[in-house]
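The structure appears below as structure tokens.
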Amino acid sequence: MNIVVCVKQVPDTATERKLRSDDKTIDRDAADGVINELCEYAVEEALRLKEAHGGEVTVLTMGPDKASDTIRKALAMGADKAVHLVDDALHGSDALGTSYALAQTLRKIGFDLVVLGSESTDARTGVLAAMLAERLGVPQLTFANKVEVDGSAITVQRVTDYGYDRVEASLPAVVSVVEKINEPRYPSFKGIMAAKKKPVEKLGVADAEIDAAQVGLAGSWSEVADFAVAPPRAAGTVVKDEGDGGVKAADFLASKKFV
Amino acid sequence: MSEILVLVEHVEGQVKKVTLELLTLARTLGTPSAVWAGPGYSAEAQAKLAEHGAEKVYVADSADISDYVVAPKAELLAQLVSEKSPAAVLVAATAEAKEIAGRLAIKIDSGVLTDAVGVGDGLVADQSIFGGGVNVHSRVTKGTPIIAVRPNATPVEAAAGAGTEERVSVTVSDAARAARVVERVKEEKGARPELTEAAIVVSGGRGVGSAENFAVIERLADSLGAAVGASRAATDAGWYPHQFQVGQTGKTVSPQLYIAAGISGAIQHRAGMQTAKTIVAVNKDPEAPIFELADFGVVGDLHQVVPQLTDEISKRK
Ligand SMILES: Cc1cc2nc3c(=O)[nH]c(=O)nc-3n(C[C@H](O)[C@H](O)[C@H](O)COP(=O)(O)OP(=O)(O)OC[C@H]3O[C@@H](n4cnc5c(N)ncnc54)[C@H](O)[C@@H]3O)c2cc1C
Ligand SMILES: Cc1cc2nc3c(=O)[nH]c(=O)nc-3n(C[C@H](O)[C@H](O)[C@H](O)COP(=O)(O)OP(=O)(O)OC[C@H]3O[C@@H](n4cnc5c(N)ncnc54)[C@H](O)[C@@H]3O)c2cc1C
């Protein structure tokens, strides 16, 4: 099975994240770049599927040069090779532009199964997997907390508000995974060393046959008009419990008409 | 006035509160039309939508609309957009509706904005990003704006609309039948409101101490008619199911009132609750970062404070 796992580099959530004042895009230099957490679960699921069914796992990342650290991390976990889509023309792409660029690349490199995280921690749109399925014309098996492959048949449990749906389709398909589908492995020392030698192919927009007019800030379908740092919340009242903390909290709730 | 399509969220034939919020919001932007997709439609549902301002109710209630993952609903909306040329499409910012919005965006070649906490003149959306740290105004620059709005962004106000029913005939394409739902498994959730929709959320964290002790959190929630949430420390420990996790890799909630008990207030937890209107915290550590957000905080043992609060609320009812 030819599995491609889409991995995004995001600013570390533990550091302060900012937008740039010049073009209002996320400031990727201001914070350390880390692998998007849900992408670790995606890599883990891809590796488990490969271990069970054979095949190859390719990491696909669209992002600036420094995203190569994140690619190495996924390779160190055990992925076989990577494709790094990197081109200044891609800077500032919105979800439509990003899904278009990734779909073009996926068409070029081929796949039986594409695995994504269900959401990134920076933009958090949660739409990429659905958009890829739409663009590629393949089944959408998203928000999975369980994935089973049997020949060309694929079944997932799709998490819903009320529990889950069992969803069936055939390969090729796009899957996105939720937290707790698995426990991502830590890269071993051997894995880290091996990752240094694994092939990483760099592609620009022309190589992937991406129309530059449909990506980047100018090509996007939406824009940030303006932004401002949120004012801090007004300081509240903090009381120490002296046996009446619950009563005082009830008084507060009553003053706000919640009780 | 221009037409605004609002995709109806419904469960077992009941219109969800977020849809009434979206209709209220849509009235400030144009003339709302509700779009009902999937089985369960009734005269009662129609009346509810009309009471909140729907001028028209487009109905496509055949089973195959919901027998396949997301794609048929996106096809239905794409068909309506091309027939009616609305000024915008509003959906709730739920996981599934955002996916519908995403596929629709590609079909109609239009931009999509997710997780808006408000929509104003010129269809400019307010987004609260980076866990509430930055407020953004954004807009769609190509096509018909598609905006996914968070639950609890707009208080519901009734205002009668005609609610004229219009049946829509859709033929779900073969491509949209690629991922078939073969079974729906409902997990027991009791009578509590849904986490992302609830006006009040009571969450417990590591400080709760055990799965059994979550009963303390549930009792407080029930006294307020609230939903129960949990921090990742609590779901990781297996004390509460993962679907109730609030935060960056869990649900984002934006209730009127959020009560955090035994939760430290890590940035990844705050990302899921920072836009709550009022925040109350109970924590035994006076230095816990959650107090920086709290409108009211009690420094103390939650096992004392929370049951007392529950009793007090019951007494005052
Ligand atoms: C704060 C913020 C808000 C934004 N809001 C919007 C908006 O409302 N509408 C809009 O159109 N755009 C928006 N964008 C732009 C959006 O970030 C980009 O389009 C982004 O590349 C894709 O969105 P996502 O990360 O939210 O994807 P998600 O759908 O949340 O990501 C899910 C998965 O997609 C895969 N993936 C995502 N990006 C990449 C990548 N570059 N390379 C490889 N795999 C990837 C990963 O597997 C990831 O786990 C926003 C950006 C920011 C910073
Ligand atoms: C990429 C990433 C994503 C994450 N996503 C999420 C997410 O979605 N949601 C989430 O919640 N976290 C998330 N986390 C984890 C987050 O960083 C914190 O570890 C987590 O929120 C801590 O949960 P907690 O506050 O319950 O536990 P702790 O931080 O251990 O805090 C427990 C608190 O309880 C107090 N306490 C203990 N006993 C009592 C008592 N008897 N009475 C009163 N107070 C008491 C303590 O003083 C302490 O402040 C994520 C982390 C990462 C790295």
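Ordering of the structure tokens sets the chain letters (A, B, ...); residue numbers start at 1 within each chain; ligands are numbered from 1 in the order shown.
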Report as a tab-separated table (two decimals) with C-alpha atoms, in the first residue's frame all protein, DNA and RNA residues lying within 6 Å of Arg180 in chain B, evaluated on only C-alpha atoms, omitting residues in the same chain fewer than 3 positions from it.
```tsv
chain	number	residue	atom	x	y	z
A	167	VAL	CA	-18.07	4.22	7.44
A	168	GLU	CA	-17.10	1.97	4.53
B	68	TYR	CA	-22.90	9.15	2.98
```
Identify every residue of chain B that has at least one atom within 7 Å of any atom of chain A, counting only C-alpha atoms, and report the result as JSON, numbers by chain.
{"B": [69, 98, 99, 102, 103, 110, 111, 114, 130, 132, 133, 134, 135, 136, 137, 138, 139, 140, 141, 142, 175, 178, 179, 180, 181, 182, 183, 184, 185, 186, 187, 248, 249, 267, 292, 293, 294, 295, 296, 297, 298, 299, 300, 305, 306, 308, 309, 312, 313]}
Enumerate residues in contact with ligand 2: an atom-to-atom distance of at most 6 Å, counting only C-alpha atoms and all ligand atoms. Format the result as a PyMOL selection string.
(chain A and resi 37) or (chain B and resi 205-207+231-234+245-250+262-266+268-269+282-285+288+300-303)
Give one line per residue of chain B that approaches ligand 1 to at most 6 Å, naming the two atoms of the closest pair and their distance in Å to one decimal, counting only C-alpha atoms and all ligand atoms; sort by chain then ascending residue number and deliver it as CSV.
```
residue,atom,partner,partner_atom_place_in_ligand_line,distance
B:Val112,CA,ligand 1,9 (N),5.1
B:Leu113,CA,ligand 1,8 (O),3.4
B:Thr114,CA,ligand 1,8 (O),4.1
B:Ile129,CA,ligand 1,1 (C),5.1
```
Output of the above residues as an mmCIF file, in the first residue's frame, restricted to N, CA, C and O atoms:
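Contents of part.cif, freshly written:
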```
data_model
loop_
_atom_site.group_PDB
_atom_site.id
_atom_site.type_symbol
_atom_site.label_atom_id
_atom_site.label_comp_id
_atom_site.auth_asym_id
_atom_site.auth_seq_id
_atom_site.Cartn_x
_atom_site.Cartn_y
_atom_site.Cartn_z
ATOM 1 N N VAL B 112 -13.824 30.314 2.245
ATOM 2 C CA VAL B 112 -14.516 29.847 3.443
ATOM 3 C C VAL B 112 -13.781 30.364 4.676
ATOM 4 O O VAL B 112 -12.550 30.388 4.714
ATOM 5 N N LEU B 113 -14.542 30.841 5.648
ATOM 6 C CA LEU B 113 -13.966 31.304 6.912
ATOM 7 C C LEU B 113 -14.501 30.412 8.020
ATOM 8 O O LEU B 113 -15.712 30.190 8.096
ATOM 9 N N THR B 114 -13.614 29.911 8.845
ATOM 10 C CA THR B 114 -14.058 28.971 9.876
ATOM 11 C C THR B 114 -14.016 29.623 11.260
ATOM 12 O O THR B 114 -13.252 30.552 11.494
ATOM 13 N N ILE B 129 -8.260 33.952 17.363
ATOM 14 C CA ILE B 129 -7.271 32.926 17.030
ATOM 15 C C ILE B 129 -6.209 32.782 18.123
ATOM 16 O O ILE B 129 -6.157 33.589 19.042
#
```
Got a sec: who's within 12 Å of Lys198 in chain A, counting only C-alpha atoms, leaving out chain neighbours fewer than 5 positions off, as a PyMOL selection string?
chain A and resi 57-59+71-83+191-193
Prev. selection, all heavy atoms, output as a tab-separated table (two decimals), in the first residue's frame:
```tsv
chain	number	residue	atom	x	y	z
A	57	VAL	N	5.57	4.36	3.34
A	57	VAL	CA	4.98	5.59	3.89
A	57	VAL	C	5.80	6.80	3.44
A	57	VAL	O	7.00	6.87	3.70
A	57	VAL	CB	4.92	5.54	5.44
A	57	VAL	CG1	4.43	6.88	5.99
A	57	VAL	CG2	4.02	4.40	5.91
A	58	THR	N	5.13	7.71	2.75
A	58	THR	CA	5.77	8.94	2.29
A	58	THR	C	5.20	10.12	3.06
A	58	THR	O	3.98	10.25	3.18
A	58	THR	CB	5.48	9.17	0.79
A	58	THR	OG1	5.87	8.01	0.07
A	58	THR	CG2	6.22	10.39	0.25
A	59	VAL	N	6.09	10.98	3.57
A	59	VAL	CA	5.65	12.19	4.27
A	59	VAL	C	5.51	13.30	3.24
A	59	VAL	O	6.39	13.48	2.39
A	59	VAL	CB	6.71	12.61	5.32
A	59	VAL	CG1	6.35	13.94	5.96
A	59	VAL	CG2	6.86	11.51	6.36
A	71	ILE	N	9.88	17.29	8.94
A	71	ILE	CA	9.95	16.13	8.05
A	71	ILE	C	10.89	15.08	8.64
A	71	ILE	O	10.57	13.89	8.68
A	71	ILE	CB	10.42	16.58	6.65
A	71	ILE	CG1	9.33	17.45	6.00
A	71	ILE	CG2	10.78	15.38	5.78
A	71	ILE	CD1	9.73	18.08	4.68
A	72	ARG	N	12.04	15.54	9.17
A	72	ARG	CA	13.01	14.60	9.76
A	72	ARG	C	12.39	13.87	10.94
A	72	ARG	O	12.65	12.70	11.18
A	72	ARG	CB	14.27	15.33	10.24
A	72	ARG	CG	15.16	15.85	9.14
A	72	ARG	CD	15.84	14.74	8.35
A	72	ARG	NE	16.35	15.31	7.11
A	72	ARG	CZ	16.61	14.62	6.00
A	72	ARG	NH1	16.43	13.31	5.97
A	72	ARG	NH2	17.04	15.22	4.92
A	73	LYS	N	11.59	14.59	11.70
A	73	LYS	CA	10.95	13.95	12.86
A	73	LYS	C	10.04	12.80	12.39
A	73	LYS	O	10.07	11.70	12.95
A	73	LYS	CB	10.16	15.01	13.63
A	73	LYS	CG	9.11	14.45	14.58
A	73	LYS	CD	9.49	14.63	16.03
A	73	LYS	CE	8.63	13.73	16.90
A	73	LYS	NZ	8.13	14.27	18.09
A	74	ALA	N	9.26	13.06	11.33
A	74	ALA	CA	8.35	12.01	10.83
A	74	ALA	C	9.16	10.85	10.25
A	74	ALA	O	8.79	9.69	10.40
A	74	ALA	CB	7.41	12.60	9.79
A	75	LEU	N	10.28	11.17	9.60
A	75	LEU	CA	11.13	10.10	9.06
A	75	LEU	C	11.76	9.30	10.20
A	75	LEU	O	11.90	8.09	10.12
A	75	LEU	CB	12.21	10.69	8.16
A	75	LEU	CG	11.72	11.32	6.84
A	75	LEU	CD1	12.88	12.03	6.12
A	75	LEU	CD2	11.09	10.26	5.92
A	76	ALA	N	12.12	10.01	11.28
A	76	ALA	CA	12.73	9.33	12.42
A	76	ALA	C	11.74	8.38	13.09
A	76	ALA	O	12.11	7.36	13.65
A	76	ALA	CB	13.26	10.36	13.43
A	77	MET	N	10.47	8.72	13.03
A	77	MET	CA	9.44	7.81	13.57
A	77	MET	C	9.36	6.53	12.74
A	77	MET	O	8.87	5.52	13.21
A	77	MET	CB	8.07	8.49	13.60
A	77	MET	CG	7.91	9.54	14.70
A	77	MET	SD	6.32	10.40	14.58
A	77	MET	CE	5.18	9.11	15.15
A	78	GLY	N	9.80	6.61	11.46
A	78	GLY	CA	9.81	5.40	10.65
A	78	GLY	C	9.29	5.53	9.24
A	78	GLY	O	9.29	4.54	8.49
A	79	ALA	N	8.84	6.71	8.84
A	79	ALA	CA	8.40	6.88	7.45
A	79	ALA	C	9.58	6.65	6.52
A	79	ALA	O	10.74	6.83	6.92
A	79	ALA	CB	7.81	8.28	7.24
A	80	ASP	N	9.30	6.22	5.28
A	80	ASP	CA	10.37	5.81	4.37
A	80	ASP	C	11.02	6.96	3.63
A	80	ASP	O	12.22	6.96	3.40
A	80	ASP	CB	9.82	4.80	3.36
A	80	ASP	CG	9.27	3.57	4.06
A	80	ASP	OD1	10.08	2.83	4.64
A	80	ASP	OD2	8.04	3.38	4.06
A	81	LYS	N	10.21	7.92	3.19
A	81	LYS	CA	10.77	9.02	2.42
A	81	LYS	C	9.83	10.21	2.51
A	81	LYS	O	8.76	10.10	3.12
A	81	LYS	CB	10.98	8.61	0.96
A	81	LYS	CG	9.73	8.16	0.22
A	81	LYS	CD	10.14	7.55	-1.11
A	81	LYS	CE	9.03	6.95	-1.93
A	81	LYS	NZ	7.97	7.78	-2.40
A	82	ALA	N	10.24	11.33	1.92
A	82	ALA	CA	9.42	12.53	2.06
A	82	ALA	C	9.43	13.37	0.80
A	82	ALA	O	10.37	13.31	-0.01
A	82	ALA	CB	9.92	13.36	3.24
A	83	VAL	N	8.36	14.13	0.64
A	83	VAL	CA	8.28	15.15	-0.40
A	83	VAL	C	8.03	16.47	0.31
A	83	VAL	O	7.10	16.59	1.11
A	83	VAL	CB	7.12	14.84	-1.37
A	83	VAL	CG1	6.94	15.99	-2.37
A	83	VAL	CG2	7.37	13.53	-2.11
A	191	GLY	N	16.40	5.30	14.71
A	191	GLY	CA	15.47	5.96	13.79
A	191	GLY	C	15.95	7.36	13.42
A	191	GLY	O	15.88	7.78	12.26
A	192	ILE	N	16.47	8.06	14.43
A	192	ILE	CA	16.95	9.43	14.19
A	192	ILE	C	18.16	9.41	13.25
A	192	ILE	O	18.26	10.21	12.33
A	192	ILE	CB	17.30	10.12	15.53
A	192	ILE	CG1	16.01	10.31	16.35
A	192	ILE	CG2	18.00	11.45	15.31
A	192	ILE	CD1	16.22	10.70	17.80
A	193	MET	N	19.06	8.45	13.48
A	193	MET	CA	20.23	8.35	12.61
A	193	MET	C	19.81	7.98	11.18
A	193	MET	O	20.28	8.56	10.21
A	193	MET	CB	21.23	7.31	13.16
A	193	MET	CG	21.85	7.67	14.51
A	193	MET	SD	22.42	9.39	14.61
A	193	MET	CE	23.89	9.29	13.59
```
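Of the residues under consideration (A:Ser176, A:Asn2, A:Ala30, A:Ala52), A:Ser176 shows the shortest atom-to-atom contact distance to Ala95 in chain B when counting only C-alpha atoms.
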Got a sec: who's within 12 Å of Lys16 in chain B, counting only C-alpha atoms, leaving out chain neighbours fewer than 3 positions off, as a ChimeraX atom specification?
/B:7-13,19-23,36,45,48-49,92,94,151-152,156,193-194,196-198
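Of the listed residues (B:Ser2, B:Thr24, B:Asn213, B:Gln274), B:Thr24 comes nearest to Val119 in chain B; the distances count only C-alpha atoms.
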All strand (DSSP E) positions in range 31-163 of chain A, as a VMD selection string
chain A and resid 33 to 35 56 to 62 81 to 85 113 to 117 140 to 150 153 to 159 163
Can you tell me which residues surround Gln256 in chain B at a distance of at most 7 Å, considering only C-alpha atoms, apart from same-chain residues fewer than 2 positions away, and format the answer as a PyMOL selection string?
chain B and resi 199-200+254+258+276-278
Resulting file, chosen residues, all heavy atoms, as a short mmCIF file (atom, residue, chain, number, x, y, z; two decimals), in the first residue's frame:
```
data_model
loop_
_atom_site.label_atom_id
_atom_site.label_comp_id
_atom_site.auth_asym_id
_atom_site.auth_seq_id
_atom_site.Cartn_x
_atom_site.Cartn_y
_atom_site.Cartn_z
N ALA B 199 -24.93 26.39 27.11
CA ALA B 199 -24.76 27.75 27.61
C ALA B 199 -23.83 27.75 28.82
O ALA B 199 -23.18 28.75 29.12
CB ALA B 199 -26.10 28.36 27.96
N ILE B 200 -23.81 26.64 29.55
CA ILE B 200 -22.93 26.52 30.72
C ILE B 200 -22.15 25.20 30.61
O ILE B 200 -22.72 24.17 30.26
CB ILE B 200 -23.74 26.53 32.04
CG1 ILE B 200 -24.61 27.80 32.12
CG2 ILE B 200 -22.82 26.43 33.26
CD1 ILE B 200 -25.45 27.92 33.39
N SER B 254 -17.62 27.93 23.80
CA SER B 254 -17.71 29.37 23.96
C SER B 254 -18.99 29.70 24.73
O SER B 254 -19.82 30.45 24.26
CB SER B 254 -17.74 29.97 22.54
OG SER B 254 -17.26 31.26 22.54
N TYR B 258 -18.29 29.24 32.11
CA TYR B 258 -17.40 28.08 32.15
C TYR B 258 -16.86 27.94 33.56
O TYR B 258 -16.27 28.88 34.09
CB TYR B 258 -16.25 28.27 31.15
CG TYR B 258 -15.37 27.04 30.98
CD1 TYR B 258 -15.70 26.08 30.03
CD2 TYR B 258 -14.23 26.85 31.75
CE1 TYR B 258 -14.91 24.95 29.85
CE2 TYR B 258 -13.43 25.72 31.58
CZ TYR B 258 -13.77 24.78 30.63
OH TYR B 258 -12.99 23.66 30.45
N ALA B 276 -15.16 31.99 26.52
CA ALA B 276 -16.34 31.94 27.39
C ALA B 276 -16.60 33.33 27.96
O ALA B 276 -15.66 34.06 28.27
CB ALA B 276 -16.11 30.94 28.52
N LYS B 277 -17.88 33.67 28.10
CA LYS B 277 -18.20 35.03 28.57
C LYS B 277 -17.79 35.22 30.02
O LYS B 277 -17.19 36.22 30.37
CB LYS B 277 -19.70 35.31 28.43
CG LYS B 277 -20.29 35.04 27.05
CD LYS B 277 -20.02 36.17 26.06
CE LYS B 277 -20.64 35.87 24.69
NZ LYS B 277 -20.25 34.56 24.10
N THR B 278 -18.13 34.26 30.87
CA THR B 278 -17.79 34.35 32.29
C THR B 278 -17.06 33.06 32.68
O THR B 278 -17.47 31.97 32.28
CB THR B 278 -19.08 34.50 33.13
OG1 THR B 278 -19.76 35.68 32.71
CG2 THR B 278 -18.77 34.59 34.61
#
```
What separates CA of Asn182 in chain A and CA of Glu148 in chain A is a distance of 13.1 Å
Would you give me, as a Markdown table, each residue of range 136-252 of chain B having an atom within 10 Å of an atom of range 51-60 of chain B, along with its shortest atom pair and that distance in Å to one decimal, using only C-alpha atoms and sorting by chain and residue number?
```
| residue | atom | partner | partner_atom | distance |
| --- | --- | --- | --- | --- |
| B:Val156 | CA | B:His52 | CA | 8.2 |
| B:Glu157 | CA | B:His52 | CA | 6.8 |
| B:Ala158 | CA | B:His52 | CA | 4.5 |
| B:Ala159 | CA | B:His52 | CA | 5.1 |
| B:Ala160 | CA | B:Glu51 | CA | 4.5 |
| B:Gly161 | CA | B:Gly53 | CA | 4.0 |
| B:Ala162 | CA | B:Glu55 | CA | 4.6 |
| B:Gly163 | CA | B:Glu55 | CA | 4.6 |
| B:Thr164 | CA | B:Lys56 | CA | 4.5 |
| B:Glu165 | CA | B:Val57 | CA | 4.7 |
| B:Glu166 | CA | B:Tyr58 | CA | 4.9 |
| B:Arg167 | CA | B:Val59 | CA | 4.9 |
| B:Val168 | CA | B:Ala60 | CA | 5.4 |
| B:Ser169 | CA | B:Ala60 | CA | 6.6 |
| B:Val170 | CA | B:Ala60 | CA | 7.1 |
```
Near-Val81 in chain B list (12 Å; only C-alpha atoms; drop same-chain fewer than 2 positions) as a PyMOL selection string:
chain B and resi 3-7+33+35+58+74-79+83-90+104-105+107-110+143-146
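DSSP secondary structure from the backbone places Phe189, Lys190, Gly191, Ile192, Met193, Ala194, Ala195, Gly216, Leu217, Ala218 and Gly219 of chain A of range 161-243 of chain A in alpha helix (DSSP H).
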Write the residues of the selection above to a file with N, CA, C and O atoms, as a compact mmCIF listing (two decimals), in the first residue's frame.
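Output file out-v6.txt is given in full below:
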```txt
# COMPACT_ATOMS: atom_id res chain seq x y z
N PHE A 189 16.92 6.17 18.78
CA PHE A 189 18.20 6.74 18.33
C PHE A 189 18.52 6.24 16.93
O PHE A 189 18.93 7.00 16.05
N LYS A 190 18.27 4.95 16.72
CA LYS A 190 18.52 4.36 15.41
C LYS A 190 17.65 5.04 14.34
O LYS A 190 18.10 5.35 13.24
N GLY A 191 16.40 5.30 14.71
CA GLY A 191 15.47 5.96 13.79
C GLY A 191 15.95 7.36 13.42
O GLY A 191 15.88 7.78 12.26
N ILE A 192 16.47 8.06 14.43
CA ILE A 192 16.95 9.43 14.19
C ILE A 192 18.16 9.41 13.25
O ILE A 192 18.26 10.21 12.33
N MET A 193 19.06 8.45 13.48
CA MET A 193 20.23 8.35 12.61
C MET A 193 19.81 7.98 11.18
O MET A 193 20.28 8.56 10.21
N ALA A 194 18.90 7.00 11.08
CA ALA A 194 18.47 6.53 9.76
C ALA A 194 17.77 7.64 8.98
O ALA A 194 17.90 7.75 7.76
N ALA A 195 17.04 8.51 9.72
CA ALA A 195 16.26 9.56 9.06
C ALA A 195 17.15 10.50 8.26
O ALA A 195 16.74 11.06 7.24
N GLY A 216 -0.77 31.08 -2.63
CA GLY A 216 -0.13 32.26 -2.07
C GLY A 216 -1.17 33.27 -1.62
O GLY A 216 -2.37 33.06 -1.76
N LEU A 217 -0.68 34.38 -1.08
CA LEU A 217 -1.59 35.40 -0.56
C LEU A 217 -2.50 35.93 -1.66
O LEU A 217 -3.71 36.05 -1.49
N ALA A 218 -1.91 36.25 -2.81
CA ALA A 218 -2.67 36.86 -3.89
C ALA A 218 -3.69 35.90 -4.49
O ALA A 218 -4.77 36.31 -4.90
N GLY A 219 -3.34 34.63 -4.51
CA GLY A 219 -4.24 33.66 -5.12
C GLY A 219 -5.36 33.20 -4.20
O GLY A 219 -6.26 32.48 -4.62
```
Please compute the CA of Val34 in chain A-CA of Asp69 in chain A distance, one decimal, in Å.
8.0 Å
